[in-house]
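J.: Sending over upload25.csv (CSV, C-alpha atoms).
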```csv
chain,number,residue,atom,x,y,z
P,1,MET,CA,48.7,137.6,50.6
P,2,VAL,CA,45.8,136.9,48.3
P,3,ALA,CA,46.5,133.2,48.3
P,4,ALA,CA,46.6,133.2,52.1
P,5,VAL,CA,43.3,135.0,52.4
P,6,SER,CA,41.8,132.6,49.9
P,7,ASP,CA,43.0,129.6,51.8
P,8,ALA,CA,41.6,131.0,55.1
P,9,SER,CA,38.3,131.7,53.4
P,10,LYS,CA,38.2,128.1,52.1
P,11,ARG,CA,38.9,126.8,55.6
P,12,ARG,CA,36.2,128.9,57.1
P,13,ASP,CA,33.7,127.7,54.4
P,14,PHE,CA,34.7,124.1,55.2
P,15,ILE,CA,34.1,124.6,58.9
P,16,VAL,CA,30.7,126.3,58.3
P,17,CYS,CA,29.6,123.5,55.9
P,18,SER,CA,30.8,120.8,58.4
P,19,ILE,CA,28.8,122.4,61.2
P,20,SER,CA,25.7,122.7,59.1
P,21,HIS,CA,26.0,119.0,58.0
P,22,MET,CA,26.5,117.9,61.6
P,23,ASP,CA,23.4,119.9,62.7
P,24,ALA,CA,21.2,118.5,59.9
P,25,ALA,CA,22.2,115.0,60.9
P,26,GLY,CA,21.9,115.3,64.7
P,27,GLU,CA,19.8,118.3,65.6
P,28,VAL,CA,16.3,116.7,65.4
P,29,GLN,CA,15.3,114.1,68.0
P,30,PRO,CA,12.3,111.8,67.9
P,31,GLY,CA,9.3,112.9,70.0
P,32,HIS,CA,10.4,116.5,70.4
P,33,LEU,CA,8.5,119.7,69.7
P,34,TYR,CA,10.7,122.5,68.3
P,35,VAL,CA,9.5,126.1,68.6
P,36,VAL,CA,11.3,127.8,65.8
P,37,ALA,CA,11.8,131.5,65.2
P,38,THR,CA,11.6,132.6,61.6
P,39,PRO,CA,12.6,135.9,59.9
P,40,ILE,CA,10.6,139.0,60.4
P,41,GLY,CA,11.7,140.4,57.1
P,42,ASN,CA,15.3,139.5,56.2
P,43,LEU,CA,15.6,135.9,55.0
P,44,ARG,CA,19.2,135.8,56.1
P,45,ASP,CA,18.0,135.9,59.7
P,46,LEU,CA,16.9,132.2,59.5
P,47,SER,CA,19.7,130.5,61.4
P,48,PRO,CA,21.5,127.4,60.1
P,49,ARG,CA,20.2,125.5,63.2
P,50,ALA,CA,16.6,126.6,62.3
P,51,GLN,CA,17.1,125.4,58.8
P,52,ALA,CA,18.4,122.1,59.9
P,53,VAL,CA,15.4,121.6,62.3
P,54,LEU,CA,12.8,122.6,59.7
P,55,ALA,CA,14.4,120.2,57.2
P,56,GLY,CA,14.7,117.3,59.7
P,57,VAL,CA,11.3,117.2,61.4
P,58,ASP,CA,8.5,115.0,60.3
P,59,LEU,CA,5.9,117.9,60.3
P,60,ILE,CA,5.9,121.7,60.5
P,61,ALA,CA,2.8,123.2,62.2
P,62,ALA,CA,2.6,126.7,60.6
P,63,GLU,CA,0.3,129.7,61.2
P,64,ASP,CA,-0.3,130.1,57.5
P,65,THR,CA,1.0,127.3,55.2
P,66,ARG,CA,1.0,129.6,52.2
P,67,THR,CA,3.3,132.2,53.9
P,68,SER,CA,5.5,129.5,55.4
P,69,GLY,CA,5.6,127.6,52.1
P,70,VAL,CA,7.2,130.5,50.4
P,71,LEU,CA,9.9,130.7,53.1
P,72,LEU,CA,10.7,127.0,53.0
P,73,GLN,CA,10.9,127.0,49.2
P,74,GLN,CA,13.6,129.7,49.5
P,75,PHE,CA,15.7,127.3,51.5
P,76,GLY,CA,14.9,124.1,49.5
P,77,ILE,CA,13.0,122.6,52.5
P,78,GLY,CA,10.2,120.2,51.5
P,79,THR,CA,8.9,119.1,55.0
P,80,LYS,CA,5.2,118.5,55.2
P,81,LEU,CA,3.2,121.5,56.4
P,82,LYS,CA,0.0,121.6,58.5
P,83,ALA,CA,-1.9,124.7,59.4
P,84,LEU,CA,-2.1,125.6,63.1
P,85,HIS,CA,-3.8,128.9,63.9
P,86,ASP,CA,-6.1,130.6,66.3
P,87,HIS,CA,-9.2,129.0,64.9
P,88,ASN,CA,-8.0,125.3,64.9
P,89,GLU,CA,-5.3,125.1,67.5
P,90,ARG,CA,-7.3,123.7,70.4
P,91,GLU,CA,-8.7,121.0,68.1
P,92,PHE,CA,-5.5,120.2,66.4
P,93,ALA,CA,-3.1,120.3,69.4
P,94,PRO,CA,-4.1,116.9,70.8
P,95,HIS,CA,-3.4,115.3,67.4
P,96,ILE,CA,0.1,116.8,67.3
P,97,VAL,CA,0.8,115.7,70.8
P,98,ALA,CA,-0.3,112.1,69.9
P,99,MET,CA,2.2,112.2,67.0
P,100,LEU,CA,4.9,113.4,69.3
P,101,ARG,CA,4.2,110.6,71.8
P,102,ASP,CA,4.5,108.2,68.9
P,103,GLY,CA,8.0,109.4,68.3
P,104,LYS,CA,7.4,111.9,65.5
P,105,SER,CA,9.2,115.2,65.5
P,106,VAL,CA,7.3,118.5,64.9
P,107,ALA,CA,8.4,122.1,64.4
P,108,LEU,CA,6.1,125.0,65.3
P,109,ILE,CA,6.5,128.2,63.3
P,110,SER,CA,4.4,131.4,62.9
P,111,ASP,CA,4.3,133.7,59.9
P,112,ALA,CA,7.2,135.7,61.2
P,113,GLY,CA,9.3,136.0,64.4
P,114,THR,CA,9.0,133.8,67.5
P,115,PRO,CA,5.9,131.7,67.9
P,116,LEU,CA,3.5,132.5,70.8
P,117,ILE,CA,4.6,136.2,70.9
P,118,SER,CA,1.3,137.6,69.8
P,119,ASP,CA,1.1,134.5,67.6
P,120,PRO,CA,-0.5,131.0,67.9
P,121,GLY,CA,1.1,128.1,69.7
P,122,PHE,CA,0.3,128.5,73.4
P,123,ASP,CA,-2.2,125.7,73.5
P,124,LEU,CA,0.1,123.3,71.7
P,125,VAL,CA,3.1,124.0,73.9
P,126,ARG,CA,1.0,123.7,77.0
P,127,ALA,CA,-0.5,120.4,75.9
P,128,ALA,CA,2.9,119.1,74.9
P,129,ARG,CA,4.5,120.0,78.3
P,130,ALA,CA,1.5,118.5,80.1
P,131,ALA,CA,2.0,115.2,78.2
P,132,GLY,CA,5.7,115.1,79.1
P,133,VAL,CA,6.8,115.9,75.6
P,134,PRO,CA,10.2,117.7,75.4
P,135,VAL,CA,9.8,121.2,74.0
P,136,VAL,CA,12.9,122.8,72.5
P,137,ALA,CA,13.4,126.5,71.6
P,138,ILE,CA,15.2,127.3,68.4
P,139,PRO,CA,15.7,131.0,69.1
P,140,GLY,CA,15.9,133.8,66.5
P,141,PRO,CA,14.1,137.0,65.5
P,142,CYS,CA,11.5,138.7,67.7
P,143,ALA,CA,10.3,142.2,66.7
P,144,ALA,CA,9.6,143.3,70.2
P,145,ILE,CA,13.2,142.5,71.5
P,146,ALA,CA,14.8,143.8,68.3
P,147,ALA,CA,13.0,147.1,68.7
P,148,LEU,CA,13.8,147.3,72.4
P,149,SER,CA,17.5,146.7,71.7
P,150,ILE,CA,17.7,149.8,69.5
P,151,SER,CA,15.2,152.1,71.3
P,152,GLY,CA,17.4,153.8,73.9
P,153,VAL,CA,14.5,153.3,76.3
P,154,PRO,CA,15.4,151.5,79.6
P,155,SER,CA,15.5,147.8,78.9
P,156,ASP,CA,16.3,146.3,82.4
P,157,SER,CA,12.6,145.8,83.1
P,158,PHE,CA,9.8,145.8,80.6
P,159,VAL,CA,6.2,144.6,79.9
P,160,PHE,CA,5.2,143.2,76.6
P,161,VAL,CA,1.6,144.3,76.1
P,162,GLY,CA,1.2,143.1,72.5
P,163,PHE,CA,-1.7,144.6,70.5
P,164,LEU,CA,-3.9,147.2,72.1
P,165,PRO,CA,-7.7,147.0,71.6
P,166,PRO,CA,-8.7,148.2,68.1
P,167,LYS,CA,-11.5,150.5,69.2
P,168,SER,CA,-10.5,153.9,70.4
P,169,ALA,CA,-12.5,153.9,73.7
P,170,ALA,CA,-11.2,150.5,74.7
P,171,ARG,CA,-7.6,151.4,73.7
P,172,ARG,CA,-7.6,154.6,75.7
P,173,LYS,CA,-9.0,152.7,78.7
P,174,ARG,CA,-6.2,150.2,78.5
P,175,LEU,CA,-3.6,152.9,78.1
P,176,GLN,CA,-5.0,154.7,81.2
P,177,GLU,CA,-4.6,151.4,83.1
P,178,LEU,CA,-1.0,151.2,82.0
P,179,SER,CA,-0.2,154.8,82.6
P,180,SER,CA,1.2,154.3,86.1
P,181,GLU,CA,3.4,151.3,85.1
P,182,SER,CA,7.0,152.2,85.8
P,183,ARG,CA,8.4,149.5,83.5
P,184,THR,CA,9.0,150.1,79.8
P,185,LEU,CA,6.0,149.1,77.7
P,186,ILE,CA,6.1,147.4,74.4
P,187,PHE,CA,3.2,147.4,71.9
P,188,TYR,CA,2.5,146.0,68.5
P,189,GLU,CA,0.3,148.0,66.2
P,190,ALA,CA,-1.2,147.7,62.7
P,191,SER,CA,-0.6,150.2,60.0
P,192,HIS,CA,-4.2,151.4,59.7
P,193,ARG,CA,-4.3,152.2,63.5
P,194,ILE,CA,-0.8,153.5,64.1
P,195,VAL,CA,-1.6,157.3,63.9
P,196,GLU,CA,-4.6,157.0,66.2
P,197,CYS,CA,-2.6,154.8,68.6
P,198,VAL,CA,0.3,157.2,68.8
P,199,GLY,CA,-2.2,160.0,69.2
P,200,ASP,CA,-3.7,158.3,72.3
P,201,LEU,CA,-0.2,157.7,73.7
P,202,ALA,CA,0.6,161.4,73.1
P,203,GLU,CA,-2.4,162.4,75.2
P,204,ILE,CA,-2.2,159.9,78.0
P,205,PHE,CA,1.6,159.5,78.3
P,206,ALA,CA,2.2,163.2,77.9
P,207,ASP,CA,5.9,164.1,77.5
P,208,ARG,CA,7.4,160.6,78.0
P,209,VAL,CA,9.8,159.2,75.4
P,210,ILE,CA,8.0,157.1,72.8
P,211,PHE,CA,10.0,155.0,70.3
P,212,LEU,CA,8.6,153.7,67.1
P,213,ALA,CA,10.1,151.1,64.7
P,214,ARG,CA,8.6,150.1,61.4
P,215,GLU,CA,9.5,147.3,59.0
P,216,ILE,CA,12.3,146.0,61.2
P,217,THR,CA,15.0,144.1,59.2
P,218,LYS,CA,13.2,145.0,55.9
P,219,LYS,CA,14.2,147.3,53.0
P,220,PHE,CA,12.3,150.3,54.3
P,221,GLU,CA,13.1,149.9,58.0
P,222,GLN,CA,12.8,153.2,60.0
P,223,SER,CA,12.7,154.2,63.6
P,224,PHE,CA,12.0,157.5,65.4
P,225,SER,CA,12.1,158.6,69.0
P,226,GLY,CA,10.4,161.5,70.7
P,227,THR,CA,7.3,162.5,72.5
P,228,GLY,CA,3.9,161.2,71.3
P,229,ALA,CA,3.2,164.5,69.7
P,230,ASP,CA,6.6,164.4,67.9
P,231,LEU,CA,5.8,160.9,66.6
P,232,VAL,CA,2.3,162.0,65.3
P,233,ALA,CA,3.9,164.8,63.4
P,234,TRP,CA,6.6,162.5,62.0
P,235,LEU,CA,4.1,160.0,60.8
P,236,LYS,CA,2.0,162.6,59.1
P,237,GLN,CA,4.9,164.1,57.2
P,238,ASP,CA,5.0,161.1,54.8
P,239,GLU,CA,2.2,158.7,54.3
P,240,ASN,CA,4.8,155.9,53.6
P,241,ARG,CA,5.7,156.1,57.3
P,242,THR,CA,2.3,154.7,58.2
P,243,ARG,CA,2.8,151.6,56.2
P,244,GLY,CA,4.1,148.2,57.3
P,245,GLU,CA,4.4,146.6,60.7
P,246,PHE,CA,5.1,148.6,63.9
P,247,VAL,CA,6.6,148.2,67.3
P,248,VAL,CA,5.9,151.0,69.7
P,249,ILE,CA,7.9,151.4,72.9
P,250,ALA,CA,6.9,153.7,75.7
P,251,GLN,CA,9.0,154.9,78.6
P,252,GLY,CA,7.6,153.8,82.0
P,253,ALA,CA,6.1,156.2,84.5
P,254,GLU,CA,8.4,157.9,87.0
P,255,PRO,CA,8.0,156.3,90.4
P,256,THR,CA,5.8,158.4,92.7
P,257,THR,CA,6.3,159.0,96.3
P,258,ASP,CA,3.8,156.3,97.1
P,259,THR,CA,5.7,153.9,94.9
P,260,ALA,CA,9.0,154.8,96.5
P,261,GLN,CA,7.4,154.2,100.0
P,262,ALA,CA,6.1,150.8,98.9
P,263,GLN,CA,9.5,149.8,97.7
P,264,ARG,CA,11.0,150.9,101.0
P,265,VAL,CA,8.5,148.8,102.9
P,266,LEU,CA,9.2,145.9,100.6
P,267,GLU,CA,13.0,146.2,101.1
P,268,LEU,CA,12.6,146.1,104.9
P,269,LEU,CA,10.3,143.1,104.8
P,270,LEU,CA,12.7,141.2,102.4
P,271,LYS,CA,15.3,141.2,105.2
P,272,GLU,CA,13.1,138.8,107.1
P,273,LEU,CA,10.7,137.2,104.7
P,274,PRO,CA,10.8,135.4,101.3
P,275,PRO,CA,9.7,137.4,98.2
P,276,ALA,CA,6.1,136.2,97.9
P,277,ARG,CA,5.3,136.8,101.6
P,278,ALA,CA,7.1,140.2,101.6
P,279,ALA,CA,5.2,141.3,98.5
P,280,LYS,CA,1.9,140.3,100.0
P,281,LEU,CA,2.4,142.1,103.2
P,282,ALA,CA,3.9,145.2,101.4
P,283,ALA,CA,0.8,145.3,99.2
P,284,GLU,CA,-1.5,145.1,102.3
P,285,ILE,CA,0.4,147.9,104.1
P,286,THR,CA,0.8,150.3,101.2
P,287,GLY,CA,-2.0,149.5,98.8
P,288,ALA,CA,0.4,149.1,96.0
P,289,PRO,CA,-0.3,146.3,93.4
P,290,ARG,CA,0.8,143.0,94.7
P,291,ASN,CA,2.0,141.6,91.4
P,292,ALA,CA,4.2,144.6,90.7
P,293,LEU,CA,5.7,144.3,94.2
P,294,TYR,CA,6.3,140.6,93.7
P,295,ASP,CA,8.2,141.3,90.5
P,296,LEU,CA,10.2,143.9,92.3
P,297,ALA,CA,10.9,141.5,95.2
P,298,LEU,CA,12.3,138.9,92.9
P,299,LYS,CA,14.5,141.5,91.3
P,300,LEU,CA,15.8,142.8,94.6
P,301,SER,CA,16.4,139.3,95.9
P,302,ARG,CA,18.4,138.3,92.9
P,303,PRO,CA,22.2,137.9,93.7
P,304,ALA,CA,24.3,140.7,92.3
P,305,GLY,CA,25.6,140.0,88.8
P,306,GLU,CA,22.7,137.8,87.7
```
Let me see the structure of the file written as structure tokens.
T.:
Amino acid sequence: MVAAVSDASKRRDFIVCSISHMDAAGEVQPGHLYVVATPIGNLRDLSPRAQAVLAGVDLIAAEDTRTSGVLLQQFGIGTKLKALHDHNEREFAPHIVAMLRDGKSVALISDAGTPLISDPGFDLVRAARAAGVPVVAIPGPCAAIAALSISGVPSDSFVFVGFLPPKSAARRKRLQELSSESRTLIFYEASHRIVECVGDLAEIFADRVIFLAREITKKFEQSFSGTGADLVAWLKQDENRTRGEFVVIAQGAEPTTDTAQAQRVLELLLKELPPARAAKLAAEITGAPRNALYDLALKLSRPAGE
């Protein structure tokens, strides 16, 4: 029995090694931009495909070359790095696009997680697509989606808000604007503002379920679910709970009678009109937000099972 297990293990290792070798040899194509997700804490979350791409491209555009250099060193990847961040992206993007059009391959990474999700990269991706350059996603970790998947808060429809304004007045104003949103809301927050942020949520979002995850995939990962007041108390019980990186998820508002009426009008219009036209007319009739109605129209028009 032991020998059989050993043989099976050897065969499995051989298959994994063969796939990795094949990926490294054929994954990267000339003139392609690869948007590569990197670990948000646990290095083992860097996929074999991501490793192959990072090792095979001609250049890696990184948010911080020092942070990314440490990651690449862990995997023995020596690809040239170039900094691409909020302060130089618009200037640097045309140079990368020129490289891509000349047949060079480039990978885009951020300090952690999926690029463009509250991280640099939008200007480069937009410029590459405008130039006809193939843009390929190498998917992997994303703190927002990871937190949502374990939150127990409805995940069928959600809004990624990202970071709220740092100043209290502006933050509270933004939360007030979002307070009638019926979809689940996902926020990022910094450690030095997390108590204030959750306190504002407690006041403005009242008794709704709020989920907090800190240090996802890292050694001291924690999560907690309750009302905003519950979360404030939980954070204050131990100062260590206010350290690290946070994802905050808030349950959406319960649909009001007006919202229900707007949906009913929309459903009737969708029997005769395409989603965009139905949403426009429903917004004019009910006064409900047109964008929200359009999103709902698309959802209602989607064939069952999709």
J.: When you count only C-alpha atoms, which of these residues is closest to P:Leu124: P:Glu272, P:Ser155, P:Ala62, P:Ala147?
T.: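 Comparing P:Glu272, P:Ser155, P:Ala62, P:Ala147 against P:Leu124, the winner is P:Ala62.
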J.: To one decimal place in Å, what is the distance between atom CA of P:Ala144 and atom CA of P:Ser182?
T.: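 Between these atoms lies a distance of 18.1 Å.
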J.: Given the choices P:Leu201, P:Leu54, P:Ala253, P:Val232, which gets closest to P:Gly76 if the distance is worked out from all atoms listed in the file?
T.: P:Leu54
J.: Taking (15.1, 113.1, 65.4) in the file's coordinates, which residues come within 9 Å, counting all atoms listed in the file, written as number ranges by chain?
T.: P: 25-32, 56-58, 103-105
J.: Hey, what's within 8 Å of stretch 284-295 of chain P if we count only C-alpha atoms and toss same-chain stuff fewer than 6 positions away? As an NGL selection string, please?
T.: :P and (258-259 or 261-263 or 266 or 275-276 or 278)
J.: Of the candidates P:Arg49, P:Lys80, P:Lys218, P:Lys280, which one gets nearest to P:Ala137 if we count only C-alpha atoms?
T.: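 Answer, going by the shortest atom-to-atom distance: P:Arg49.
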J.: Of the residues P:Arg243, P:Arg264, P:Arg277, P:His192, which is the one nearest to P:Pro166, using only C-alpha atoms?
T.: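 Among the listed residues, the smallest separation from P:Pro166 belongs to P:His192.
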J.: Leaving out stretch 85-100 of chain P and any residue of its chain fewer than 5 positions from it, which residues lie within 12 Å of it when counting all atoms listed in the file, given as a PyMOL selection string?
T.: chain P and resi 29-34+57-65+105-111+115-116+118-135
J.: Check the smallest atom-to-atom distance from each of P:Lys219, P:Arg101, P:Lys299, P:Arg214 to P:Tyr188 using all atoms listed in the file, then report the winner.
T.: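 Nearest candidate to P:Tyr188 out of P:Lys219, P:Arg101, P:Lys299, P:Arg214: P:Arg214.
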J.: Which of these, P:Val265, P:Val159, P:Leu300, P:Gly140, has the shortest distance to P:Ala283 once you count only C-alpha atoms?
T.: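 Of P:Val265, P:Val159, P:Leu300, P:Gly140, the one nearest P:Ala283, counting only C-alpha atoms, is P:Val265.
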J.: Kindly provide, as JSON, the centre and edge lengths (Å, one decimal) of an axis-aligned box around all atoms of stretch 29-47 of chain P given in the file, with 8 Å on each side.
T.:
```
{"center_x": 14.1, "center_y": 126.1, "center_z": 62.7, "size_x": 27.2, "size_y": 44.6, "size_z": 31.4}
```
J.: One decimal, in Å: what's the spacing between atom CA of P:Ser157 and atom CA of P:Ala213?
T.: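 About the pair atom CA of P:Ser157 and atom CA of P:Ala213: they are 19.3 Å apart.
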J.: Can stretch 109-131 of chain P be brought up to N, CA and C atoms and written out as a PDB file, in the coordinates of the input?
T.:
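Result file is selection25.pdb:
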```pdb
ATOM      1  N   ILE P 109       6.030 126.937  63.824  1.00  0.00           N
ATOM      2  CA  ILE P 109       6.500 128.200  63.300  1.00  0.00           C
ATOM      3  C   ILE P 109       5.257 129.151  63.169  1.00  0.00           C
ATOM      4  N   SER P 110       5.493 130.460  63.214  1.00  0.00           N
ATOM      5  CA  SER P 110       4.400 131.400  62.900  1.00  0.00           C
ATOM      6  C   SER P 110       4.809 132.111  61.586  1.00  0.00           C
ATOM      7  N   ASP P 111       3.987 133.047  61.155  1.00  0.00           N
ATOM      8  CA  ASP P 111       4.300 133.700  59.900  1.00  0.00           C
ATOM      9  C   ASP P 111       5.597 134.449  59.906  1.00  0.00           C
ATOM     10  N   ALA P 112       5.950 134.995  61.069  1.00  0.00           N
ATOM     11  CA  ALA P 112       7.200 135.700  61.200  1.00  0.00           C
ATOM     12  C   ALA P 112       7.545 135.867  62.670  1.00  0.00           C
ATOM     13  N   GLY P 113       8.821 135.760  62.990  1.00  0.00           N
ATOM     14  CA  GLY P 113       9.300 136.000  64.400  1.00  0.00           C
ATOM     15  C   GLY P 113       9.129 134.716  65.223  1.00  0.00           C
ATOM     16  N   THR P 114       9.069 134.928  66.528  1.00  0.00           N
ATOM     17  CA  THR P 114       9.000 133.800  67.500  1.00  0.00           C
ATOM     18  C   THR P 114       7.595 133.434  67.801  1.00  0.00           C
ATOM     19  N   PRO P 115       7.247 132.165  67.625  1.00  0.00           N
ATOM     20  CA  PRO P 115       5.900 131.700  67.900  1.00  0.00           C
ATOM     21  C   PRO P 115       5.477 132.051  69.358  1.00  0.00           C
ATOM     22  N   LEU P 116       4.161 132.197  69.559  1.00  0.00           N
ATOM     23  CA  LEU P 116       3.500 132.500  70.800  1.00  0.00           C
ATOM     24  C   LEU P 116       3.616 133.980  71.218  1.00  0.00           C
ATOM     25  N   ILE P 117       4.508 134.766  70.604  1.00  0.00           N
ATOM     26  CA  ILE P 117       4.600 136.200  70.900  1.00  0.00           C
ATOM     27  C   ILE P 117       3.621 136.928  70.033  1.00  0.00           C
ATOM     28  N   SER P 118       2.386 137.092  70.535  1.00  0.00           N
ATOM     29  CA  SER P 118       1.300 137.600  69.800  1.00  0.00           C
ATOM     30  C   SER P 118       0.980 136.744  68.531  1.00  0.00           C
ATOM     31  N   ASP P 119       1.285 135.458  68.639  1.00  0.00           N
ATOM     32  CA  ASP P 119       1.100 134.500  67.600  1.00  0.00           C
ATOM     33  C   ASP P 119       0.542 133.182  68.188  1.00  0.00           C
ATOM     34  N   PRO P 120      -0.034 132.288  67.370  1.00  0.00           N
ATOM     35  CA  PRO P 120      -0.500 131.000  67.900  1.00  0.00           C
ATOM     36  C   PRO P 120       0.582 130.139  68.461  1.00  0.00           C
ATOM     37  N   GLY P 121       0.170 129.101  69.198  1.00  0.00           N
ATOM     38  CA  GLY P 121       1.100 128.100  69.700  1.00  0.00           C
ATOM     39  C   GLY P 121       1.025 127.795  71.156  1.00  0.00           C
ATOM     40  N   PHE P 122       0.377 128.673  71.943  1.00  0.00           N
ATOM     41  CA  PHE P 122       0.300 128.500  73.400  1.00  0.00           C
ATOM     42  C   PHE P 122      -0.352 127.157  73.764  1.00  0.00           C
ATOM     43  N   ASP P 123      -1.511 126.894  73.162  1.00  0.00           N
ATOM     44  CA  ASP P 123      -2.200 125.700  73.500  1.00  0.00           C
ATOM     45  C   ASP P 123      -1.435 124.425  73.177  1.00  0.00           C
ATOM     46  N   LEU P 124      -0.730 124.444  72.060  1.00  0.00           N
ATOM     47  CA  LEU P 124       0.100 123.300  71.700  1.00  0.00           C
ATOM     48  C   LEU P 124       1.239 123.092  72.642  1.00  0.00           C
ATOM     49  N   VAL P 125       1.960 124.154  72.959  1.00  0.00           N
ATOM     50  CA  VAL P 125       3.100 124.000  73.900  1.00  0.00           C
ATOM     51  C   VAL P 125       2.637 123.574  75.249  1.00  0.00           C
ATOM     52  N   ARG P 126       1.554 124.143  75.728  1.00  0.00           N
ATOM     53  CA  ARG P 126       1.000 123.700  77.000  1.00  0.00           C
ATOM     54  C   ARG P 126       0.622 122.275  77.037  1.00  0.00           C
ATOM     55  N   ALA P 127      -0.053 121.831  75.970  1.00  0.00           N
ATOM     56  CA  ALA P 127      -0.500 120.400  75.900  1.00  0.00           C
ATOM     57  C   ALA P 127       0.723 119.494  75.800  1.00  0.00           C
ATOM     58  N   ALA P 128       1.740 119.894  75.052  1.00  0.00           N
ATOM     59  CA  ALA P 128       2.900 119.100  74.900  1.00  0.00           C
ATOM     60  C   ALA P 128       3.647 118.922  76.258  1.00  0.00           C
ATOM     61  N   ARG P 129       3.781 120.010  76.982  1.00  0.00           N
ATOM     62  CA  ARG P 129       4.500 120.000  78.300  1.00  0.00           C
ATOM     63  C   ARG P 129       3.646 119.135  79.283  1.00  0.00           C
ATOM     64  N   ALA P 130       2.320 119.270  79.230  1.00  0.00           N
ATOM     65  CA  ALA P 130       1.500 118.500  80.100  1.00  0.00           C
ATOM     66  C   ALA P 130       1.583 117.000  79.855  1.00  0.00           C
ATOM     67  N   ALA P 131       1.869 116.657  78.585  1.00  0.00           N
ATOM     68  CA  ALA P 131       2.000 115.200  78.200  1.00  0.00           C
ATOM     69  C   ALA P 131       3.426 114.722  78.401  1.00  0.00           C
TER      70      ALA P 131
END
```
